[in-house]
Every structure is written in structure tokens, then in C-alpha cells.
file final_1.cif (mmCIF, C-alpha atoms)
data_protein
loop_
_atom_site.group_PDB
_atom_site.id
_atom_site.type_symbol
_atom_site.label_atom_id
_atom_site.label_comp_id
_atom_site.auth_asym_id
_atom_site.auth_seq_id
_atom_site.Cartn_x
_atom_site.Cartn_y
_atom_site.Cartn_z
ATOM 1 C CA MET U 1 0.000 0.000 0.000
ATOM 2 C CA ASN U 2 1.375 3.374 -1.020
ATOM 3 C CA ILE U 3 0.945 6.713 0.730
ATOM 4 C CA THR U 4 -1.856 8.650 -0.961
ATOM 5 C CA LEU U 5 -2.473 12.346 -1.427
ATOM 6 C CA ARG U 6 -5.818 11.817 0.290
ATOM 7 C CA GLN U 7 -4.059 10.580 3.407
ATOM 8 C CA LEU U 8 -1.716 13.537 3.405
ATOM 9 C CA SER U 9 -4.563 16.034 2.952
ATOM 10 C CA TYR U 10 -6.530 14.398 5.767
ATOM 11 C CA PHE U 11 -3.495 14.528 8.046
ATOM 12 C CA ILE U 12 -2.919 18.208 7.282
ATOM 13 C CA ALA U 13 -6.588 18.924 8.067
ATOM 14 C CA LEU U 14 -6.265 17.035 11.342
ATOM 15 C CA ALA U 15 -3.077 18.864 12.345
ATOM 16 C CA GLU U 16 -4.601 22.278 11.556
ATOM 17 C CA THR U 17 -7.995 21.707 13.202
ATOM 18 C CA ARG U 18 -6.582 19.657 16.116
ATOM 19 C CA HIS U 19 -9.764 17.614 16.230
ATOM 20 C CA PHE U 20 -10.843 14.475 14.338
ATOM 21 C CA GLY U 21 -14.455 15.628 13.998
ATOM 22 C CA ARG U 22 -13.551 19.090 12.709
ATOM 23 C CA ALA U 23 -10.962 17.626 10.343
ATOM 24 C CA ALA U 24 -13.562 15.216 8.939
ATOM 25 C CA ALA U 25 -16.027 18.070 8.414
ATOM 26 C CA ARG U 26 -13.373 20.110 6.634
ATOM 27 C CA ALA U 27 -12.492 17.150 4.398
ATOM 28 C CA HIS U 28 -16.207 16.403 3.794
ATOM 29 C CA VAL U 29 -15.916 12.789 5.021
ATOM 30 C CA THR U 30 -17.131 10.901 8.053
ATOM 31 C CA GLN U 31 -14.956 10.804 11.148
ATOM 32 C CA PRO U 32 -14.435 7.005 10.954
ATOM 33 C CA ALA U 33 -13.306 7.333 7.330
ATOM 34 C CA LEU U 34 -10.762 10.000 8.253
ATOM 35 C CA SER U 35 -9.529 8.043 11.271
ATOM 36 C CA THR U 36 -9.034 4.965 9.088
ATOM 37 C CA GLN U 37 -6.925 6.920 6.605
ATOM 38 C CA ILE U 38 -4.776 8.369 9.395
ATOM 39 C CA ARG U 39 -4.233 4.859 10.835
ATOM 40 C CA GLU U 40 -3.244 3.538 7.409
ATOM 41 C CA LEU U 41 -0.805 6.413 6.978
ATOM 42 C CA GLU U 42 0.768 5.620 10.343
ATOM 43 C CA GLU U 43 1.062 1.932 9.416
ATOM 44 C CA ARG U 44 2.683 2.785 6.090
ATOM 45 C CA LEU U 45 5.218 5.087 7.776
ATOM 46 C CA GLY U 46 5.757 2.762 10.713
ATOM 47 C CA THR U 47 5.295 5.490 13.322
ATOM 48 C CA SER U 48 2.586 7.164 15.365
ATOM 49 C CA LEU U 49 1.655 10.629 14.137
ATOM 50 C CA VAL U 50 -0.779 11.590 16.897
ATOM 51 C CA ASP U 51 -0.130 11.266 20.632
ATOM 52 C CA ARG U 52 -3.133 9.299 21.928
ATOM 53 C CA SER U 53 -1.924 9.013 25.520
ATOM 54 C CA ASP U 54 -4.366 11.625 26.820
ATOM 55 C CA ARG U 55 -7.348 13.682 25.649
ATOM 56 C CA ALA U 56 -5.299 16.741 24.655
ATOM 57 C CA PHE U 57 -4.519 16.731 20.944
ATOM 58 C CA ARG U 58 -0.854 16.847 20.025
ATOM 59 C CA LEU U 59 1.345 15.530 17.272
ATOM 60 C CA THR U 60 4.274 13.262 18.028
ATOM 61 C CA PRO U 61 7.760 14.432 17.010
ATOM 62 C CA GLY U 62 7.443 12.142 14.008
ATOM 63 C CA GLY U 63 4.060 13.660 13.246
ATOM 64 C CA GLN U 64 5.595 17.132 13.192
ATOM 65 C CA GLU U 65 8.183 16.017 10.632
ATOM 66 C CA VAL U 66 5.560 14.290 8.474
ATOM 67 C CA LEU U 67 3.359 17.391 8.622
ATOM 68 C CA ALA U 68 6.152 19.588 7.263
ATOM 69 C CA SER U 69 6.810 17.115 4.441
ATOM 70 C CA ALA U 70 3.084 16.740 3.685
ATOM 71 C CA ARG U 71 2.666 20.497 3.362
ATOM 72 C CA ARG U 72 5.592 20.725 0.955
ATOM 73 C CA ILE U 73 4.232 17.883 -1.164
ATOM 74 C CA MET U 74 0.698 19.291 -1.305
ATOM 75 C CA ALA U 75 2.033 22.761 -2.133
ATOM 76 C CA GLU U 76 3.944 21.337 -5.115
ATOM 77 C CA ILE U 77 0.851 19.424 -6.290
ATOM 78 C CA GLU U 78 -1.226 22.574 -5.972
ATOM 79 C CA ARG U 79 1.367 24.611 -7.878
ATOM 80 C CA MET U 80 1.347 22.038 -10.680
ATOM 81 C CA GLU U 81 -2.453 21.983 -10.862
ATOM 82 C CA ALA U 82 -2.691 25.776 -10.836
ATOM 83 C CA GLY U 83 -0.131 26.062 -13.622
ATOM 84 C CA ALA U 84 -2.064 23.643 -15.807
ATOM 85 C CA ARG U 85 -5.461 25.139 -15.037
ATOM 86 C CA TRP U 86 -4.510 28.747 -15.757
ATOM 87 C CA ARG U 87 -2.170 28.169 -18.702
ATOM 88 C CA ASP U 88 -4.749 29.513 -21.160
ATOM 89 C CA GLY U 89 -5.706 32.591 -19.131
ATOM 90 C CA LEU U 90 -8.961 33.460 -17.405
ATOM 91 C CA HIS U 91 -10.995 30.356 -18.298
ATOM 92 C CA GLY U 92 -12.672 27.482 -16.489
ATOM 93 C CA ARG U 93 -13.625 27.752 -12.828
ATOM 94 C CA LEU U 94 -12.648 30.783 -10.758
ATOM 95 C CA LYS U 95 -13.160 30.825 -6.999
ATOM 96 C CA LEU U 96 -13.112 34.484 -5.984
ATOM 97 C CA GLY U 97 -13.459 35.894 -2.476
ATOM 98 C CA ILE U 98 -14.477 39.477 -1.768
ATOM 99 C CA ILE U 99 -14.998 41.502 1.404
ATOM 100 C CA PRO U 100 -18.569 42.610 2.305
ATOM 101 C CA THR U 101 -17.854 46.350 2.039
ATOM 102 C CA VAL U 102 -16.841 45.892 -1.600
ATOM 103 C CA ALA U 103 -18.898 42.952 -2.891
ATOM 104 C CA PRO U 104 -22.367 44.545 -3.333
ATOM 105 C CA TYR U 105 -20.926 47.505 -5.230
ATOM 106 C CA LEU U 106 -18.051 46.097 -7.278
ATOM 107 C CA LEU U 107 -19.549 42.787 -8.368
ATOM 108 C CA PRO U 108 -22.569 44.136 -10.312
ATOM 109 C CA GLU U 109 -20.198 46.485 -12.121
ATOM 110 C CA ALA U 110 -17.525 43.853 -12.807
ATOM 111 C CA LEU U 111 -19.596 40.807 -13.775
ATOM 112 C CA PRO U 112 -20.488 42.011 -17.297
ATOM 113 C CA GLY U 113 -16.798 42.607 -17.960
ATOM 114 C CA LEU U 114 -15.885 39.124 -16.754
ATOM 115 C CA ARG U 115 -18.598 37.552 -18.901
ATOM 116 C CA ALA U 116 -17.380 39.540 -21.884
ATOM 117 C CA ARG U 117 -13.923 37.999 -21.463
ATOM 118 C CA ASP U 118 -15.337 34.466 -21.462
ATOM 119 C CA VAL U 119 -19.032 33.587 -21.281
ATOM 120 C CA THR U 120 -18.112 30.055 -20.174
ATOM 121 C CA LEU U 121 -16.277 31.274 -17.055
ATOM 122 C CA ASP U 122 -17.583 29.333 -14.043
ATOM 123 C CA LEU U 123 -17.406 32.001 -11.322
ATOM 124 C CA ARG U 124 -17.782 30.882 -7.695
ATOM 125 C CA LEU U 125 -18.088 33.841 -5.317
ATOM 126 C CA ARG U 126 -17.379 33.909 -1.594
ATOM 127 C CA GLU U 127 -18.252 36.997 0.484
ATOM 128 C CA ALA U 128 -16.512 37.067 3.870
ATOM 129 C CA GLN U 129 -14.315 39.180 6.107
ATOM 130 C CA THR U 130 -10.627 39.549 5.321
ATOM 131 C CA ALA U 131 -9.310 37.055 7.890
ATOM 132 C CA VAL U 132 -11.625 34.326 6.595
ATOM 133 C CA LEU U 133 -10.685 34.975 2.973
ATOM 134 C CA LEU U 134 -6.956 34.838 3.743
ATOM 135 C CA ASP U 135 -7.412 31.525 5.567
ATOM 136 C CA GLU U 136 -9.345 30.096 2.629
ATOM 137 C CA LEU U 137 -6.696 31.328 0.203
ATOM 138 C CA ALA U 138 -4.049 29.561 2.264
ATOM 139 C CA ASP U 139 -6.148 26.367 2.286
ATOM 140 C CA GLY U 140 -6.598 26.447 -1.489
ATOM 141 C CA LEU U 141 -10.348 27.032 -1.248
ATOM 142 C CA LEU U 142 -10.048 30.302 -3.193
ATOM 143 C CA ASP U 143 -8.032 31.269 -6.251
ATOM 144 C CA ALA U 144 -7.973 34.985 -5.454
ATOM 145 C CA ALA U 145 -9.596 37.549 -3.176
ATOM 146 C CA VAL U 146 -10.522 41.232 -3.313
ATOM 147 C CA ILE U 147 -9.552 42.941 -0.044
ATOM 148 C CA ALA U 148 -8.103 46.194 1.287
ATOM 149 C CA LEU U 149 -4.304 46.333 0.987
ATOM 150 C CA PRO U 150 -1.885 45.633 2.462
ATOM 151 C CA SER U 151 -3.116 42.139 3.264
ATOM 152 C CA GLY U 152 -0.688 41.445 6.092
ATOM 153 C CA GLY U 153 -0.442 37.839 4.899
ATOM 154 C CA GLU U 154 2.653 35.889 3.889
ATOM 155 C CA GLY U 155 3.295 34.172 0.584
ATOM 156 C CA LEU U 156 0.840 36.328 -1.343
ATOM 157 C CA VAL U 157 0.975 38.253 -4.606
ATOM 158 C CA GLU U 158 -0.846 41.607 -4.340
ATOM 159 C CA LEU U 159 -2.067 43.867 -7.135
ATOM 160 C CA PRO U 160 -3.614 47.271 -6.324
ATOM 161 C CA LEU U 161 -6.890 47.833 -8.202
ATOM 162 C CA PHE U 162 -8.088 51.331 -7.284
ATOM 163 C CA GLU U 163 -8.176 53.920 -4.511
ATOM 164 C CA ASP U 164 -11.456 54.167 -2.618
ATOM 165 C CA ARG U 165 -11.765 57.488 -0.768
ATOM 166 C CA PHE U 166 -13.922 57.833 2.328
ATOM 167 C CA LEU U 167 -16.803 60.282 2.535
ATOM 168 C CA LEU U 168 -18.515 61.670 5.624
ATOM 169 C CA ALA U 169 -22.126 60.529 5.935
ATOM 170 C CA ALA U 170 -24.252 62.429 8.466
ATOM 171 C CA ARG U 171 -27.726 63.872 8.988
ATOM 172 C CA ALA U 172 -28.683 66.142 6.085
ATOM 173 C CA ASP U 173 -29.122 69.206 8.312
ATOM 174 C CA HIS U 174 -25.685 68.661 9.876
ATOM 175 C CA VAL U 175 -24.041 68.363 6.455
ATOM 176 C CA ALA U 176 -25.827 71.542 5.307
ATOM 177 C CA GLU U 177 -24.508 73.341 8.384
ATOM 178 C CA MET U 178 -20.916 72.229 7.713
ATOM 179 C CA ARG U 179 -21.166 73.226 4.065
ATOM 180 C CA GLY U 180 -22.516 76.605 5.087
ATOM 181 C CA ALA U 181 -19.485 77.138 7.334
ATOM 182 C CA GLY U 182 -17.287 76.758 4.255
ATOM 183 C CA ASP U 183 -14.698 74.383 5.753
ATOM 184 C CA LEU U 184 -14.442 70.710 4.872
ATOM 185 C CA PRO U 185 -14.238 68.425 7.922
ATOM 186 C CA ARG U 186 -11.196 66.414 8.926
ATOM 187 C CA PRO U 187 -11.557 62.813 10.200
ATOM 188 C CA THR U 188 -9.724 63.594 13.437
ATOM 189 C CA GLU U 189 -12.334 66.267 14.243
ATOM 190 C CA LEU U 190 -15.198 63.776 14.398
ATOM 191 C CA ASN U 191 -16.752 63.041 17.774
ATOM 192 C CA PRO U 192 -15.837 59.391 18.600
ATOM 193 C CA SER U 193 -19.066 58.923 20.544
ATOM 194 C CA ARG U 194 -21.024 59.735 17.376
ATOM 195 C CA LEU U 195 -19.000 57.482 15.077
ATOM 196 C CA LEU U 196 -20.961 54.464 13.860
ATOM 197 C CA LEU U 197 -18.934 51.405 12.895
ATOM 198 C CA LEU U 198 -19.437 47.994 11.418
ATOM 199 C CA ASP U 199 -19.312 44.938 13.665
ATOM 200 C CA GLU U 200 -16.002 43.704 15.011
ATOM 201 C CA GLY U 201 -13.978 41.859 12.391
ATOM 202 C CA HIS U 202 -14.743 44.162 9.470
ATOM 203 C CA CYS U 203 -11.525 45.757 8.258
ATOM 204 C CA LEU U 204 -13.475 48.899 7.348
ATOM 205 C CA ALA U 205 -14.230 49.504 11.025
ATOM 206 C CA ASP U 206 -10.544 49.234 11.899
ATOM 207 C CA GLN U 207 -9.649 51.584 9.057
ATOM 208 C CA ALA U 208 -12.224 54.124 10.222
ATOM 209 C CA LEU U 209 -10.831 54.089 13.751
ATOM 210 C CA GLU U 210 -7.284 54.505 12.466
ATOM 211 C CA ILE U 211 -8.267 57.346 10.158
ATOM 212 C CA CYS U 212 -10.122 59.162 12.922
ATOM 213 C CA GLY U 213 -7.320 58.609 15.414
ATOM 214 C CA THR U 214 -9.565 57.053 18.022
ATOM 215 C CA ARG U 215 -10.612 53.752 19.564
ATOM 216 C CA ARG U 216 -13.981 52.035 19.430
ATOM 217 C CA PRO U 217 -16.138 54.033 21.867
ATOM 218 C CA ALA U 218 -17.694 52.202 24.798
ATOM 219 C CA THR U 219 -21.265 53.375 24.203
ATOM 220 C CA ARG U 220 -24.247 52.264 26.276
ATOM 221 C CA VAL U 221 -26.009 51.013 23.155
ATOM 222 C CA ASP U 222 -24.034 48.926 20.670
ATOM 223 C CA LEU U 223 -24.882 50.317 17.248
ATOM 224 C CA GLY U 224 -22.381 48.170 15.370
ATOM 225 C CA ALA U 225 -23.894 46.947 12.110
ATOM 226 C CA SER U 226 -23.203 44.105 9.717
ATOM 227 C CA SER U 227 -23.629 46.125 6.512
ATOM 228 C CA LEU U 228 -23.076 49.616 5.164
ATOM 229 C CA ARG U 229 -26.761 49.831 4.282
ATOM 230 C CA THR U 230 -27.674 49.367 7.939
ATOM 231 C CA LEU U 231 -25.119 51.985 8.976
ATOM 232 C CA CYS U 232 -26.565 54.469 6.504
ATOM 233 C CA GLY U 233 -30.056 53.850 7.853
ATOM 234 C CA LEU U 234 -28.825 54.587 11.374
ATOM 235 C CA VAL U 235 -27.143 57.772 10.156
ATOM 236 C CA GLY U 236 -30.312 58.925 8.416
ATOM 237 C CA ALA U 237 -32.264 58.284 11.600
ATOM 238 C CA GLY U 238 -29.940 60.599 13.529
ATOM 239 C CA PHE U 239 -27.901 58.069 15.504
ATOM 240 C CA GLY U 240 -24.522 59.404 14.429
ATOM 241 C CA GLN U 241 -22.037 59.674 11.570
ATOM 242 C CA THR U 242 -20.021 57.181 9.587
ATOM 243 C CA LEU U 243 -17.355 56.919 6.911
ATOM 244 C CA LEU U 244 -18.852 55.810 3.596
ATOM 245 C CA PRO U 245 -16.568 54.329 0.920
ATOM 246 C CA GLU U 246 -16.733 56.200 -2.364
ATOM 247 C CA ILE U 247 -17.705 53.056 -4.287
ATOM 248 C CA ALA U 248 -20.848 52.756 -2.127
ATOM 249 C CA HIS U 249 -22.010 56.350 -2.641
ATOM 250 C CA ALA U 250 -24.118 55.869 -5.781
ATOM 251 C CA THR U 251 -25.945 52.927 -4.203
ATOM 252 C CA GLU U 252 -26.412 53.966 -0.586
ATOM 253 C CA ALA U 253 -26.654 57.767 -0.519
ATOM 254 C CA PRO U 254 -29.648 58.391 -2.828
ATOM 255 C CA GLY U 255 -31.810 55.784 -1.151
ATOM 256 C CA THR U 256 -31.245 56.771 2.496
ATOM 257 C CA PRO U 257 -33.777 59.340 3.760
ATOM 258 C CA GLY U 258 -32.371 61.985 6.078
ATOM 259 C CA MET U 259 -28.729 61.294 5.192
ATOM 260 C CA ALA U 260 -26.333 63.486 3.213
ATOM 261 C CA VAL U 261 -22.706 62.983 2.238
ATOM 262 C CA MET U 262 -19.738 65.310 1.824
ATOM 263 C CA ARG U 263 -16.030 65.033 1.186
ATOM 264 C CA PHE U 264 -13.286 65.454 3.752
ATOM 265 C CA ALA U 265 -10.565 68.064 3.536
ATOM 266 C CA GLU U 266 -7.361 67.207 1.673
ATOM 267 C CA PRO U 267 -5.664 64.815 1.984
ATOM 268 C CA GLU U 268 -8.847 62.765 1.772
ATOM 269 C CA PRO U 269 -8.769 59.508 3.753
ATOM 270 C CA MET U 270 -8.843 56.421 1.555
ATOM 271 C CA ARG U 271 -8.181 52.727 1.292
ATOM 272 C CA VAL U 272 -6.526 50.759 -1.507
ATOM 273 C CA ILE U 273 -8.629 47.902 -2.841
ATOM 274 C CA GLY U 274 -6.518 45.120 -4.291
ATOM 275 C CA LEU U 275 -6.487 41.585 -5.608
ATOM 276 C CA VAL U 276 -4.425 38.889 -3.876
ATOM 277 C CA ARG U 277 -3.504 35.309 -4.634
ATOM 278 C CA ARG U 278 -1.076 32.758 -3.302
ATOM 279 C CA ASP U 279 2.433 32.928 -4.712
ATOM 280 C CA LEU U 280 2.464 29.542 -6.436
ATOM 281 C CA GLY U 281 4.535 30.558 -9.423
ATOM 282 C CA GLY U 282 3.480 29.531 -12.908
ATOM 283 C CA PRO U 283 1.433 31.596 -15.378
ATOM 284 C CA ASP U 284 -0.383 34.594 -13.938
ATOM 285 C CA GLY U 285 -2.076 35.995 -17.026
ATOM 286 C CA TRP U 286 -5.453 35.022 -15.595
ATOM 287 C CA PHE U 287 -4.676 37.031 -12.452
ATOM 288 C CA ARG U 288 -3.775 40.153 -14.391
ATOM 289 C CA ASP U 289 -6.796 39.751 -16.675
ATOM 290 C CA LEU U 290 -9.021 39.527 -13.609
ATOM 291 C CA ALA U 291 -7.324 42.547 -12.026
ATOM 292 C CA GLU U 292 -7.850 44.584 -15.189
ATOM 293 C CA VAL U 293 -11.602 43.924 -15.209
ATOM 294 C CA LEU U 294 -11.971 44.662 -11.496
ATOM 295 C CA ALA U 295 -9.873 47.833 -11.728
ATOM 296 C CA GLU U 296 -12.027 49.156 -14.583
ATOM 297 C CA ALA U 297 -15.185 48.443 -12.599
ATOM 298 C CA GLY U 298 -13.793 50.171 -9.519
ATOM 299 C CA ALA U 299 -12.746 53.228 -11.502
ATOM 300 C CA ALA U 300 -16.259 53.477 -12.963
ATOM 301 C CA LEU U 301 -17.812 53.389 -9.482
ATOM 302 C CA VAL U 302 -15.446 56.037 -8.155
ATOM 303 C CA SER U 303 -16.123 58.309 -11.133
ATOM 304 C CA ARG U 304 -19.866 58.257 -10.375
ATOM 305 C CA ALA U 305 -19.424 59.341 -6.754
ATOM 306 C CA ASN U 306 -20.440 63.002 -6.597
ATOM 307 C CA PRO U 307 -21.380 63.997 -3.041
ATOM 308 C CA GLU U 308 -21.197 67.766 -3.649
#

call {"tool": "encode", "arguments": {"input": "final_1.cif", "output": "C-alpha cells"}}
result
Amino acid sequence: MNITLRQLSYFIALAETRHFGRAAARAHVTQPALSTQIRELEERLGTSLVDRSDRAFRLTPGGQEVLASARRIMAEIERMEAGARWRDGLHGRLKLGIIPTVAPYLLPEALPGLRARDVTLDLRLREAQTAVLLDELADGLLDAAVIALPSGGEGLVELPLFEDRFLLAARADHVAEMRGAGDLPRPTELNPSRLLLLDEGHCLADQALEICGTRRPATRVDLGASSLRTLCGLVGAGFGQTLLPEIAHATEAPGTPGMAVMRFAEPEPMRVIGLVRRDLGGPDGWFRDLAEVLAEAGAALVSRANPE
């Protein structure tokens, strides 16, 4: 009996999840099936990979060595598969991740361009927060992801797509008052207790706090929201102010009663939206083709933002 790639992938899943049940769920098999494959791998290697002396999960020293080798082998297999799959450019199946503060605005603009490149493109979309997308990139569950740069991850290729400036969204009467005063606001002048943010885990919330030079306020009522649309509704209802990405302006501002939007003083705060993939080597024409379509879509969204 030879060592199989299935056994190695199951062992990697077990080592990373540290639990037979979670590893089986990740591998989409039953727990007994996964356990059997791990036992067969141990028999083939002639050594125990998992310390079963107590209930705490740990790898044996031999298991640690096998894990390092298994990761190298699977990485080479993945690099070979990726090279073959993308040799002819942006064709076939594309698994693309995208953060929630970009997805509802960029995707409708970009999809026609992607279809125009190849109507047979099988596009699988995954909307999730940055940390989740980076984990799924590392696990090979995604081919690429659209996030705010820099990613902070290792072993990634990053391509900037476009700059997305932040706008101040507030009650219409408050915006009219600021415009009447003649001075554009600065992010650091905002009252932290009136700053509405997305839920913990959204990179946009962290960016807003950094831009405004403050920390998440400890308010008596948690007004954190899971979407920009919800935040805009809260702003229109008079609960506070928020930073609205420029790409969201054409969608969110016109349809939110009671809310108005204005620009900040120069230099305007902004984020860089980019495309990332694992650095597997091989042809990357598909990646640059994808980046070109997404960059054009982002530029079109930004050009339509006119809060004045």
C-alpha cells in the first residue's frame, strides 16, 4: 500500500484543526473514514503521528516532521495543478473571495466585464471578512480575493486595483450646516461617541478608527452593524455619523432618507482595494486579466461618486 495524497490532505486537516471531527467536516468525510486513513498512513510510515496518551490533541515528534513534508508535497501538487489550469488565461472555474464592504458595489459592475472575457467562465463567489478569505486562500479554497491592501499575509501576490476614498455621511441638516461654514471636515475632528462602525472583524471599522485617530467608543447602546446599508439607515435616523466608501455612494446615498454625504478636507482619507492570490509561481495571465476587469469596474464606481 502506497501513501496517498488523500491521506496527506486528511493529516494536514487534522493537524490544523486539532480535532478528528472538525478535520472530517473540513475534508467532507465521516470521522471514521478520516480516522481509518490516518491509521493507514501511520502503518505505512511505521510510526505514530498523533499522541493518543491523553485527551489533549498533540502531534508526536514524528508527526511534526511528516506534517512539514506533507505540506511541501501538497504545495507542489497545488502549484502544478494551478499552472495547468490557468495556462490559457482566465478560463474554467474561478473561486473568488471578496470583502462585504466591496462585494455589493463592485460585483454588479464587474460581472459584465468578466462575462465579456469568457461567457463560459464558471465564477464561484465567496463573500466574507478579510481574515476568513486569507485563511481560505491559504487552504486552497479560493483562487484569489478582493480585499483592502496591504493584506498582512505571507506568501501572497498583491495587485492594487483602485483607490477608494472615504466620505462623511451624516444627517442632512448637519451636512448643510458644515457646508454653510465653508470648511471641509477632517476625520480627526469627528466626535468618537457619534461614530458608527461595522461589527467587530470588518476591516473597514478598523480603518475608520485609524483614520479618525480614536478607539472604538464604549457606548451604552451597541450600534455596530453588519452592513453599510444598515449603517446608513442609522445615520439617516440621527444616531450618528459614519465613513462611507466612495464606491458605495451611488448605491447607498440616494436611497437613504435623512442622510447626506460630503467630502473630507485634503488629503482625503482612503483605502486601496486590491487583488491577492497565493504565490504559487506559474502563469499569472489570468490574475492580471481579472485585475484589469476589477480595476475598470472600480474606476467606474469612483467616477460616479459626486457627493457635492

call {"tool": "resolve_selection", "arguments": {"input": "final_1.cif", "expression": "the PyMOL selection byres ((chain U and resi 249) around 12)", "output": "number ranges by chain"}}
result
U: 101-102, 104-106, 164-169, 228-229, 232, 243-248, 250-256, 259-263, 301-308

call {"tool": "resolve_selection", "arguments": {"input": "final_1.cif", "expression": "the PyMOL selection byres ((chain U and resi 35) around 12)", "output": "NGL selection string"}}
result
:U and (7 or 10-11 or 13-14 or 19-24 or 27 or 29-34 or 36-42 or 49-50)

call {"tool": "write_last_selection", "arguments": {"input": "final_1.cif", "atoms": "C-alpha atoms", "output": "PDB file, in the coordinates of the input"}}
result
ATOM      1  CA  GLN U   7      -4.059  10.580   3.407  1.00  0.00           C
ATOM      2  CA  TYR U  10      -6.530  14.398   5.767  1.00  0.00           C
ATOM      3  CA  PHE U  11      -3.495  14.528   8.046  1.00  0.00           C
ATOM      4  CA  ALA U  13      -6.588  18.924   8.067  1.00  0.00           C
ATOM      5  CA  LEU U  14      -6.265  17.035  11.342  1.00  0.00           C
ATOM      6  CA  HIS U  19      -9.764  17.614  16.230  1.00  0.00           C
ATOM      7  CA  PHE U  20     -10.843  14.475  14.338  1.00  0.00           C
ATOM      8  CA  GLY U  21     -14.455  15.628  13.998  1.00  0.00           C
ATOM      9  CA  ARG U  22     -13.551  19.090  12.709  1.00  0.00           C
ATOM     10  CA  ALA U  23     -10.962  17.626  10.343  1.00  0.00           C
ATOM     11  CA  ALA U  24     -13.562  15.216   8.939  1.00  0.00           C
ATOM     12  CA  ALA U  27     -12.492  17.150   4.398  1.00  0.00           C
ATOM     13  CA  VAL U  29     -15.916  12.789   5.021  1.00  0.00           C
ATOM     14  CA  THR U  30     -17.131  10.901   8.053  1.00  0.00           C
ATOM     15  CA  GLN U  31     -14.956  10.804  11.148  1.00  0.00           C
ATOM     16  CA  PRO U  32     -14.435   7.005  10.954  1.00  0.00           C
ATOM     17  CA  ALA U  33     -13.306   7.333   7.330  1.00  0.00           C
ATOM     18  CA  LEU U  34     -10.762  10.000   8.253  1.00  0.00           C
ATOM     19  CA  THR U  36      -9.034   4.965   9.088  1.00  0.00           C
ATOM     20  CA  GLN U  37      -6.925   6.920   6.605  1.00  0.00           C
ATOM     21  CA  ILE U  38      -4.776   8.369   9.395  1.00  0.00           C
ATOM     22  CA  ARG U  39      -4.233   4.859  10.835  1.00  0.00           C
ATOM     23  CA  GLU U  40      -3.244   3.538   7.409  1.00  0.00           C
ATOM     24  CA  LEU U  41      -0.805   6.413   6.978  1.00  0.00           C
ATOM     25  CA  GLU U  42       0.768   5.620  10.343  1.00  0.00           C
ATOM     26  CA  LEU U  49       1.655  10.629  14.137  1.00  0.00           C
ATOM     27  CA  VAL U  50      -0.779  11.590  16.897  1.00  0.00           C
TER      28      VAL U  50
END

call {"tool": "residues_near_point", "arguments": {"input": "final_1.cif", "point": "(-14.1, 56.4, 15.2)", "cutoff": "6 Å", "atoms": "only C-alpha atoms", "output": "list in words"}}
result
Pro192, Leu195, Ala208, Leu209, Cys212 and Thr214 of chain U

call {"tool": "resolve_selection", "arguments": {"input": "final_1.cif", "expression": "the PyMOL selection byres ((chain U and resi 295) around 9)", "output": "NGL selection string"}}
result
:U and (110 or 160-162 or 273-274 or 290-294 or 296-300)

call {"tool": "write_last_selection", "arguments": {"input": "final_1.cif", "atoms": "C-alpha atoms", "output": "compact mmCIF listing (two decimals), in the coordinates of the input"}}
result
# COMPACT_ATOMS: atom_id res chain seq x y z
CA ALA U 110 -17.52 43.85 -12.81
CA PRO U 160 -3.61 47.27 -6.32
CA LEU U 161 -6.89 47.83 -8.20
CA PHE U 162 -8.09 51.33 -7.28
CA ILE U 273 -8.63 47.90 -2.84
CA GLY U 274 -6.52 45.12 -4.29
CA LEU U 290 -9.02 39.53 -13.61
CA ALA U 291 -7.32 42.55 -12.03
CA GLU U 292 -7.85 44.58 -15.19
CA VAL U 293 -11.60 43.92 -15.21
CA LEU U 294 -11.97 44.66 -11.50
CA GLU U 296 -12.03 49.16 -14.58
CA ALA U 297 -15.18 48.44 -12.60
CA GLY U 298 -13.79 50.17 -9.52
CA ALA U 299 -12.75 53.23 -11.50
CA ALA U 300 -16.26 53.48 -12.96

call {"tool": "closest_residue", "arguments": {"input": "final_1.cif", "among": "U:Leu121, U:Ile3, U:Leu149, U:Leu96", "to": "Glu136 (chain U)", "atoms": "only C-alpha atoms"}}
result
U:Leu96

call {"tool": "closest_residue", "arguments": {"input": "final_1.cif", "among": "U:Ser226, U:Glu158, U:Gln207, U:Gly46", "to": "Ala128 (chain U)", "atoms": "all atoms listed in the file"}}
result
U:Ser226

call {"tool": "axis_aligned_box", "arguments": {"input": "final_1.cif", "around": "region 137-143 of chain U", "padding_each_side": "4 Å", "output": "JSON"}}
result
{"center_x": -7.2, "center_y": 28.8, "center_z": -2.0, "size_x": 14.3, "size_y": 13.0, "size_z": 16.5}

call {"tool": "atom_distance", "arguments": {"input": "final_1.cif", "atom1": "CA of Asp51 (chain U)", "atom2": "CA of Ala68 (chain U)"}}
result
17.0 Å

call {"tool": "atom_distance", "arguments": {"input": "final_1.cif", "atom1": "CA of Glu16 (chain U)", "atom2": "CA of Ala70 (chain U)"}}
result
12.3 Å

call {"tool": "closest_residue", "arguments": {"input": "final_1.cif", "among": "U:Cys203, U:Ile211, U:Ala237, U:Ile99", "to": "Ala172 (chain U)", "atoms": "all atoms listed in the file"}}
result
U:Ala237

call {"tool": "closest_residue", "arguments": {"input": "final_1.cif", "among": "U:Arg44, U:Ile73, U:Gly285, U:Leu275", "to": "Asn2 (chain U)", "atoms": "all atoms listed in the file"}}
result
U:Arg44

call {"tool": "atom_distance", "arguments": {"input": "final_1.cif", "atom1": "CA of Arg58 (chain U)", "atom2": "CA of Arg6 (chain U)"}}
result
21.0 Å

call {"tool": "residues_near_point", "arguments": {"input": "final_1.cif", "point": "(-14.6, 41.9, 1.7)", "cutoff": "9 Å", "atoms": "only C-alpha atoms", "output": "list in words"}}
result
Gly97, Ile98, Ile99, Pro100, Thr101, Val102, Ala103, Glu127, Ala128, Gln129, Thr130, Leu133, Ala145, Val146, Ile147, Ala148, His202 and Cys203 of chain U
